[in-house]
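Student: Coordinates in query01.txt, compact mmCIF, C-alpha atoms and all ligand atoms, are listed below.
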# COMPACT_ATOMS: atom_id res chain seq x y z
CA MET A 179 9.26 19.61 34.04
CA PRO A 180 12.08 17.39 32.71
CA ALA A 181 14.61 18.79 30.21
CA TYR A 182 13.43 17.61 26.82
CA ASN A 183 15.67 16.86 23.88
CA LEU A 184 15.06 19.68 21.42
CA SER A 185 17.64 18.52 18.89
CA ARG A 186 15.57 15.57 17.69
CA PRO A 187 14.44 16.12 14.08
CA PHE A 188 10.77 16.72 13.46
CA SER A 189 8.81 14.47 11.14
CA TYR A 190 5.56 14.53 9.25
CA SER A 191 4.06 12.28 11.95
CA SER A 192 5.26 14.36 14.88
CA LEU A 193 3.82 17.58 13.40
CA THR A 194 0.53 15.83 12.70
CA VAL A 195 0.28 14.36 16.20
CA PHE A 196 0.96 17.76 17.78
CA GLU A 197 -1.77 19.35 15.66
CA GLN A 198 -4.24 16.59 16.53
CA CYS A 199 -3.54 16.39 20.24
CA PRO A 200 -0.62 18.12 22.00
CA ALA A 201 -1.08 15.85 25.05
CA LYS A 202 -0.51 12.76 22.93
CA TYR A 203 2.53 14.41 21.39
CA LYS A 204 3.96 14.99 24.86
CA PHE A 205 3.37 11.42 26.02
CA TYR A 206 5.08 9.89 23.00
CA TYR A 207 7.67 12.37 21.70
CA LEU A 208 8.70 14.07 24.94
CA ASP A 209 8.01 11.63 27.77
CA GLY A 210 8.99 8.68 25.58
CA ILE A 211 6.09 6.50 26.73
CA VAL A 212 5.85 3.69 24.20
CA LYS A 213 2.74 1.53 24.17
CA PRO A 214 2.64 -1.99 22.77
CA GLN A 215 -0.73 -1.47 21.06
CA GLU A 216 -0.95 -1.09 17.31
CA SER A 217 -4.08 -0.61 15.22
CA ILE A 218 -4.90 -3.30 12.69
CA GLU A 219 -4.91 -0.57 10.04
CA ALA A 220 -1.29 0.36 10.87
CA PHE A 221 -0.33 -3.33 11.00
CA LEU A 222 -1.84 -3.90 7.55
CA GLY A 223 -0.09 -0.82 6.14
CA ARG A 224 3.30 -1.91 7.50
CA ARG A 225 3.02 -5.42 6.07
CA VAL A 226 2.00 -4.11 2.64
CA HIS A 227 4.90 -1.64 2.67
CA GLU A 228 7.34 -4.42 3.61
CA THR A 229 6.09 -6.65 0.82
CA MET A 230 6.36 -3.79 -1.68
CA GLU A 231 9.97 -3.37 -0.61
CA PHE A 232 10.49 -7.12 -1.05
CA LEU A 233 8.93 -6.95 -4.52
CA TYR A 234 11.30 -4.25 -5.77
CA LYS A 235 14.33 -5.93 -4.19
CA GLN A 236 13.38 -9.11 -6.04
CA VAL A 237 13.02 -7.16 -9.29
CA LYS A 238 16.56 -5.86 -8.85
CA THR A 239 18.18 -9.18 -7.96
CA ASN A 240 16.10 -11.87 -9.74
CA GLY A 241 13.73 -10.03 -12.03
CA PRO A 242 9.97 -9.64 -11.48
CA PRO A 243 8.68 -12.25 -9.02
CA LEU A 244 5.52 -14.27 -9.62
CA PHE A 245 2.45 -12.90 -7.87
CA ASP A 246 2.39 -16.09 -5.78
CA THR A 247 5.85 -15.22 -4.46
CA VAL A 248 4.65 -11.73 -3.50
CA LEU A 249 1.64 -13.22 -1.71
CA GLU A 250 3.82 -15.75 0.10
CA ASP A 251 5.99 -12.91 1.36
CA PHE A 252 2.94 -10.98 2.57
CA HIS A 253 1.54 -14.09 4.25
CA TYR A 254 4.83 -14.83 6.00
CA ARG A 255 5.12 -11.29 7.32
CA TRP A 256 1.48 -11.21 8.41
CA GLU A 257 1.89 -14.42 10.40
CA ASN A 258 5.32 -13.63 11.71
CA GLU A 259 4.56 -10.11 12.92
CA TRP A 260 1.10 -10.87 14.33
CA HIS A 261 0.84 -9.96 18.01
CA SER A 262 -1.72 -9.87 20.79
CA ASP A 263 -1.79 -6.07 21.17
CA LEU A 264 -3.52 -5.36 17.88
CA ILE A 265 -6.51 -3.05 18.21
CA PHE A 266 -9.72 -3.40 16.21
CA VAL A 267 -11.84 -0.27 16.33
CA ASN A 268 -13.91 -1.04 13.26
CA GLN A 269 -16.12 -3.91 14.42
CA PHE A 270 -17.45 -4.53 10.92
CA LEU A 271 -14.21 -5.96 9.55
CA SER A 272 -12.73 -9.26 10.69
CA VAL A 273 -9.10 -10.43 10.64
CA PRO A 274 -9.60 -12.29 7.31
CA ASP A 275 -11.17 -9.11 5.90
CA TYR A 276 -8.03 -7.13 6.71
CA TYR A 277 -5.80 -9.87 5.34
CA ASP A 278 -7.83 -9.86 2.11
CA LEU A 279 -7.52 -6.09 1.89
CA GLY A 280 -3.74 -6.52 1.96
CA THR A 281 -3.79 -9.09 -0.85
CA LYS A 282 -6.18 -6.88 -2.82
CA CYS A 283 -3.78 -3.91 -2.51
CA LEU A 284 -0.87 -6.01 -3.75
CA ALA A 285 -2.90 -7.61 -6.57
CA TRP A 286 -3.95 -4.19 -7.88
CA TYR A 287 -0.40 -2.91 -7.83
CA TYR A 288 1.00 -6.08 -9.40
CA ARG A 289 -1.51 -6.04 -12.26
CA LYS A 290 -1.05 -2.36 -12.93
CA TYR A 291 2.75 -2.08 -12.73
CA HIS A 292 4.13 -5.47 -13.78
CA PRO A 293 6.98 -5.90 -14.93
CA PHE A 294 8.12 -3.09 -12.59
CA ASN A 295 10.80 -1.57 -14.80
CA GLU A 296 10.74 1.81 -13.06
CA PRO A 297 14.19 3.41 -12.55
CA VAL A 298 14.25 2.79 -8.78
CA VAL A 299 17.29 4.09 -6.93
CA GLU A 300 16.21 3.71 -3.32
CA LEU A 301 13.55 1.97 -1.25
CA GLU A 302 12.49 3.20 2.18
CA ALA A 303 14.80 6.16 1.58
CA GLU A 304 15.61 7.97 4.81
CA MET A 305 16.24 11.68 4.26
CA LEU A 306 17.58 14.09 6.83
CA PHE A 307 17.15 17.71 5.88
CA THR A 308 16.31 21.16 7.18
CA ILE A 309 13.28 23.27 6.41
CA GLY A 310 14.43 26.34 4.46
CA ASN A 311 18.11 25.31 4.79
CA ASP A 312 18.01 26.49 8.39
CA ASP A 313 19.54 24.21 11.04
CA LYS A 314 16.91 25.38 13.53
CA TYR A 315 14.40 23.26 11.62
CA LYS A 316 15.77 19.74 11.39
CA PHE A 317 13.53 17.21 9.71
CA LYS A 318 13.50 13.53 8.91
CA GLY A 319 11.39 11.68 6.37
CA ILE A 320 11.28 8.21 4.85
CA ALA A 321 10.10 8.02 1.26
CA ASP A 322 8.73 4.65 0.17
CA ARG A 323 10.53 4.77 -3.19
CA LEU A 324 12.74 7.16 -5.11
CA GLU A 325 13.17 7.02 -8.86
CA ASP A 326 15.71 8.79 -11.05
CA HIS A 327 14.26 9.31 -14.52
CA GLY A 328 17.38 11.04 -15.87
CA ASP A 329 18.06 14.65 -16.85
CA GLY A 330 17.34 15.79 -13.28
CA VAL A 331 13.79 14.34 -13.20
CA TRP A 332 12.96 12.44 -10.01
CA GLU A 333 9.85 10.76 -8.66
CA ILE A 334 8.84 10.19 -5.06
CA HIS A 335 6.40 7.29 -4.65
CA ASP A 336 4.22 6.72 -1.63
CA TYR A 337 2.04 3.67 -0.92
CA LYS A 338 -1.25 4.14 0.91
CA THR A 339 -3.60 1.49 2.25
CA SER A 340 -6.19 3.97 3.47
CA LYS A 341 -9.88 3.64 2.65
CA ARG A 342 -9.97 6.74 0.47
CA ALA A 343 -7.70 8.32 -2.10
CA LEU A 344 -6.70 11.97 -2.00
CA THR A 345 -8.55 14.12 -4.50
CA GLN A 346 -6.30 15.88 -7.01
CA ARG A 347 -6.97 19.12 -5.19
CA ALA A 348 -5.90 17.64 -1.85
CA ALA A 349 -2.84 15.98 -3.42
CA ASP A 350 -1.79 19.33 -4.87
CA LYS A 351 -1.65 20.72 -1.32
CA ASP A 352 -0.46 17.60 0.50
CA ARG A 353 2.14 18.34 3.12
CA GLN A 354 3.86 14.95 3.47
CA LEU A 355 5.17 14.65 -0.07
CA SER A 356 5.93 18.39 -0.22
CA LEU A 357 8.26 17.77 2.70
CA TYR A 358 9.87 14.81 0.97
CA HIS A 359 10.31 16.99 -2.10
CA MET A 360 12.31 19.40 0.07
CA GLY A 361 14.25 16.45 1.46
CA LEU A 362 15.09 15.16 -2.00
CA LEU A 363 16.41 18.56 -3.08
CA GLN A 364 18.88 18.48 -0.20
CA ASN A 365 19.79 14.82 -0.42
CA LYS A 366 20.38 14.22 -4.12
CA GLU A 367 22.46 15.94 -6.77
CA ASN A 368 21.08 17.47 -9.93
CA VAL A 369 17.38 17.55 -9.00
CA LYS A 370 15.58 19.73 -11.53
CA GLU A 371 12.06 18.37 -11.48
CA VAL A 372 10.24 16.33 -8.84
CA ARG A 373 7.05 14.39 -9.47
CA LEU A 374 5.01 13.26 -6.47
CA VAL A 375 3.15 9.98 -6.87
CA TRP A 376 0.70 8.31 -4.48
CA HIS A 377 -0.56 4.76 -4.95
CA PHE A 378 -3.87 4.35 -3.15
CA MET A 379 -3.69 0.59 -3.29
CA ARG A 380 -6.93 -0.24 -1.50
CA VAL A 381 -9.03 1.74 -3.97
CA GLY A 382 -6.77 1.19 -6.98
CA ILE A 383 -5.96 4.80 -7.83
CA THR A 384 -2.63 6.47 -8.61
CA VAL A 385 -2.53 10.24 -8.06
CA ARG A 386 0.26 12.50 -9.32
CA SER A 387 1.19 16.05 -8.44
CA ARG A 388 4.03 18.59 -8.50
CA ARG A 389 5.14 21.60 -6.53
CA ASP A 390 6.45 24.86 -7.94
CA ASN A 391 8.91 27.13 -6.14
CA ASP A 392 6.16 29.36 -4.75
CA GLN A 393 4.33 26.42 -3.23
CA LEU A 394 7.57 25.15 -1.66
CA HIS A 395 8.27 28.62 -0.31
CA TYR A 396 4.85 28.90 1.37
CA MET A 397 5.15 25.38 2.70
CA THR A 398 8.56 26.25 4.17
CA ILE A 399 7.14 29.27 6.01
CA SER A 400 4.14 27.33 7.24
CA ILE A 401 6.24 24.41 8.57
CA GLN A 402 8.76 26.73 10.21
CA LYS A 403 5.88 28.48 12.02
CA LYS A 404 4.55 25.17 13.25
CA ILE A 405 7.96 24.07 14.47
CA ASN A 406 8.42 27.44 16.22
CA LYS A 407 5.13 26.93 18.01
CA ILE A 408 6.03 23.43 19.15
CA THR A 409 9.52 24.46 20.24
CA GLU A 410 8.16 27.42 22.22
CA THR A 411 5.57 25.20 23.87
CA ILE A 412 8.25 22.72 24.88
CA LYS A 413 10.54 25.46 26.22
CA ASN A 414 7.65 26.94 28.21
CA GLY A 415 6.75 23.54 29.62
CA GLY A 416 3.35 23.59 27.95
CA PRO A 417 0.48 23.84 27.58
CA PHE A 418 -0.15 20.43 26.03
CA PRO A 419 -3.95 20.31 25.92
CA ALA A 420 -5.75 17.02 25.44
CA VAL A 421 -7.96 17.40 22.36
CA GLN A 422 -10.73 14.82 22.22
CA THR A 423 -11.80 13.67 18.76
CA PRO A 424 -12.87 10.33 17.27
CA LEU A 425 -9.13 9.66 16.87
CA CYS A 426 -9.02 9.00 20.63
CA ASN A 427 -10.24 5.50 19.74
CA TRP A 428 -6.82 4.90 18.16
CA CYS A 429 -4.91 6.46 21.07
CA TYR A 430 -3.42 4.22 23.77
CA TYR A 431 -2.67 6.95 26.33
CA TRP A 432 -6.04 6.98 28.06
CA ALA A 433 -4.38 6.06 31.38
CA GLU A 434 -2.11 9.13 31.12
CA CYS A 435 -4.68 11.43 29.48
CA PRO A 436 -6.09 14.11 31.83
CA VAL A 437 -9.54 14.14 30.20
CA LYS A 438 -10.17 10.39 30.11
CA THR A 439 -11.57 8.73 33.17
CA LYS A 440 -11.42 5.11 32.00
CA ASN A 441 -9.34 2.92 29.77
CA ASN A 442 -9.69 2.80 26.00
CA PRO A 443 -12.57 0.31 25.52
CA PHE A 444 -10.89 -1.19 22.44
CA VAL A 445 -7.80 -2.16 24.42
CA LYS A 446 -8.32 -5.53 26.03
CA SER A 447 -6.73 -5.64 29.48
S1 LIG B 501 -7.09 9.99 24.54
FE1 LIG B 501 -7.60 11.60 23.05
S2 LIG B 501 -7.41 13.49 24.20
FE2 LIG B 501 -6.33 11.93 25.37
S3 LIG B 501 -4.20 12.01 24.72
FE3 LIG B 501 -5.19 10.50 23.44
S4 LIG B 501 -5.85 11.62 21.62
FE4 LIG B 501 -5.43 13.12 23.21
If you took the structure in this file and wrote it as structure tokens, what would it be?
Ligand code: SF4
Tutor:
Amino acid sequence: MPAYNLSRPFSYSSLTVFEQCPAKYKFYYLDGIVKPQESIEAFLGRRVHETMEFLYKQVKTNGPPLFDTVLEDFHYRWENEWHSDLIFVNQFLSVPDYYDLGTKCLAWYYRKYHPFNEPVVELEAEMLFTIGNDDKYKFKGIADRLEDHGDGVWEIHDYKTSKRALTQRAADKDRQLSLYHMGLLQNKENVKEVRLVWHFMRVGITVRSRRDNDQLHYMTISIQKKINKITETIKNGGPFPAVQTPLCNWCYYWAECPVKTKNNPFVKS
């Protein structure tokens, strides 16, 4: 068993991957096997996020752009970043369908939030922090947008291009933005109140939530336990079981996976 780097910060994605399939976690986060494949859903999400960043940079430097300018940016990125290792699991949607979904996401946001006069202080804000102020639990998160509303009130905004929105109940328990809330508390001065905001762009819904100190406390304990479990597993050299679920269709480690006997049928060889 090679000596793995245990000082690397955890992230929302790495915790989620370990929970879904420890074998996949090992291939990517420990063995460092990087595959060229990318799902069309991830590709679409990245391009929309990049264009949202462009939009707010434009607002800051030149004022609100025309919607045509936003679309041109999206189009340029879509064309420029397109590659031959994109994976289409959903056979019912074509490339133009996905492109249209991207434009629909941006059109909804543009109509709803123009002229974009939110008090933005950072885009794609990288936050390094520890869970429970304990250096044993290093964490890294990237918030799509941070806003400072004055008097210690902050907002964390997250863009989603998923098919469904979180229900209010699910948003009130959501782990990702709870973690970013913790990150914000350690990365910014004078944070008294944090509002969590999701924009489900594909379905045109904005969901808002907050966390109180008790919720943050329980989240801290729960995340520390998860990190302890992963760290122990790594130190013990395993086990890293392969957990088969429908998500295997979006996994590109079938060649390495001990329970798969063929290649991922969606990956063209
Ligand atoms: S193919 Fe499925 S079981 Fe195998 S590593 Fe990937 S997600 Fe895990």
Student: Enter the distance from CA of Tyr254 in chain A to CA of Asp336 in chain A, in Å, rounded to one decimal.
Tutor: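 Between these atoms lies a distance of 22.9 Å.
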Student: Fewer than 6 positions away in the same chain doesn't count, so skip those; otherwise give me all residues within 9 Å of Val369 in chain A, counting only C-alpha atoms, as a PyMOL selection string.
Tutor: chain A and resi 329-332+362-363
Student: What residues have any atom no more than 9 Å from ligand LIG 501 (chain B) when counting all atoms listed in the file, and can you list them as a ChimeraX atom specification?
Tutor: /A:195,198-205,419-438,442
Student: Take the residues just selected and output them with C-alpha atoms as a short mmCIF file (atom, residue, chain, number, x, y, z; two decimals), in the coordinates of the input.
Tutor:
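Final file, result_15.cif:
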data_model
loop_
_atom_site.label_atom_id
_atom_site.label_comp_id
_atom_site.auth_asym_id
_atom_site.auth_seq_id
_atom_site.Cartn_x
_atom_site.Cartn_y
_atom_site.Cartn_z
CA VAL A 195 0.28 14.36 16.20
CA GLN A 198 -4.24 16.59 16.53
CA CYS A 199 -3.54 16.39 20.24
CA PRO A 200 -0.62 18.12 22.00
CA ALA A 201 -1.08 15.85 25.05
CA LYS A 202 -0.51 12.76 22.93
CA TYR A 203 2.53 14.41 21.39
CA LYS A 204 3.96 14.99 24.86
CA PHE A 205 3.37 11.42 26.02
CA PRO A 419 -3.95 20.31 25.92
CA ALA A 420 -5.75 17.02 25.44
CA VAL A 421 -7.96 17.40 22.36
CA GLN A 422 -10.73 14.82 22.22
CA THR A 423 -11.80 13.67 18.76
CA PRO A 424 -12.87 10.33 17.27
CA LEU A 425 -9.13 9.66 16.87
CA CYS A 426 -9.02 9.00 20.63
CA ASN A 427 -10.24 5.50 19.74
CA TRP A 428 -6.82 4.90 18.16
CA CYS A 429 -4.91 6.46 21.07
CA TYR A 430 -3.42 4.22 23.77
CA TYR A 431 -2.67 6.95 26.33
CA TRP A 432 -6.04 6.98 28.06
CA ALA A 433 -4.38 6.06 31.38
CA GLU A 434 -2.11 9.13 31.12
CA CYS A 435 -4.68 11.43 29.48
CA PRO A 436 -6.09 14.11 31.83
CA VAL A 437 -9.54 14.14 30.20
CA LYS A 438 -10.17 10.39 30.11
CA ASN A 442 -9.69 2.80 26.00
#
Student: Quick one: residues within 10 Å of Thr247 in chain A, only C-alpha atoms, excluding same-chain residues fewer than 6 positions away - as a list in words?
Tutor: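 Residues meeting the cut-off are Phe232, Leu233, Gln236 and His253 of chain A.
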Student: Pick out the residues sitting within 10 Å of Val267 in chain A, and hand them over as a short mmCIF file (atom, residue, chain, number, x, y, z; two decimals) with C-alpha atoms, keeping the file's coordinate frame; count only C-alpha atoms, and ignore anything fewer than 6 positions along from it in its own chain.
Tutor:
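The new file around11.cif reads:
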data_model
loop_
_atom_site.label_atom_id
_atom_site.label_comp_id
_atom_site.auth_asym_id
_atom_site.auth_seq_id
_atom_site.Cartn_x
_atom_site.Cartn_y
_atom_site.Cartn_z
CA SER A 217 -4.08 -0.61 15.22
CA ILE A 218 -4.90 -3.30 12.69
CA GLU A 219 -4.91 -0.57 10.04
CA ASN A 427 -10.24 5.50 19.74
CA TRP A 428 -6.82 4.90 18.16
CA PRO A 443 -12.57 0.31 25.52
CA PHE A 444 -10.89 -1.19 22.44
CA VAL A 445 -7.80 -2.16 24.42
#
Student: Nearest residue to Arg224 in chain A out of A:Ser272, A:Thr439, A:Thr339, A:Gln393, using all atoms listed in the file?
Tutor: A:Thr339
Student: Just want the 10 Å neighbourhood of Ser262 in chain A, counted on only C-alpha atoms, with same-chain residues fewer than 6 positions away dropped. Output as a VMD selection string.
Tutor: chain A and resid 214 to 216 446
Student: Using the selection just defined, write its residues with C-alpha atoms as an mmCIF file, in the frame of the given file.
Tutor:
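Once written, selection-v5.cif looks like this:
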data_model
loop_
_atom_site.group_PDB
_atom_site.id
_atom_site.type_symbol
_atom_site.label_atom_id
_atom_site.label_comp_id
_atom_site.auth_asym_id
_atom_site.auth_seq_id
_atom_site.Cartn_x
_atom_site.Cartn_y
_atom_site.Cartn_z
ATOM 1 C CA PRO A 214 2.640 -1.990 22.770
ATOM 2 C CA GLN A 215 -0.730 -1.470 21.060
ATOM 3 C CA GLU A 216 -0.950 -1.090 17.310
ATOM 4 C CA LYS A 446 -8.320 -5.530 26.030
#
Student: Nearest to Ser185 in chain A among A:Leu355, A:Leu208, A:Leu249, A:Leu222, with distances taken over all atoms listed in the file: which residue is it?
Tutor: A:Leu208
Student: I'd like the neighbourhood of Arg255 in chain A as a PyMOL selection string, where a residue qualifies if any of its atoms comes within 12 Å (using all atoms listed in the file), though same-chain residues fewer than 6 positions away should be ignored.
Tutor: chain A and resi 221-230+232+248-249+261+277+280
Student: So, counting all atoms listed in the file, which residue among A:Glu333, A:Lys235, A:His359, A:Phe270 is closest to Leu301 in chain A?
Tutor: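 Residue with the minimum atom-to-atom distance to Leu301 in chain A: A:Lys235.
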Student: If I take CA of Met397 in chain A and CA of Leu184 in chain A, how far is one from the other in Å, to one decimal?
Tutor: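 Distance reported for this atom pair: 21.9 Å.
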Student: Which polymer residues, whether protein, DNA or RNA, lie within 10 Å of the coordinate (20.6, 17.2, 6.8) when you count only C-alpha atoms? List them as an MDAnalysis selection string, using the chain letters and numbers from the file.
Tutor: chainID A and resid 187 305:309 311:313 315:318 361 364:365
Student: So which one's closest to Tyr206 in chain A, A:Ser191, A:Ala220, A:His377, A:Ala349? Using only C-alpha atoms, please.
Tutor: A:Ser191
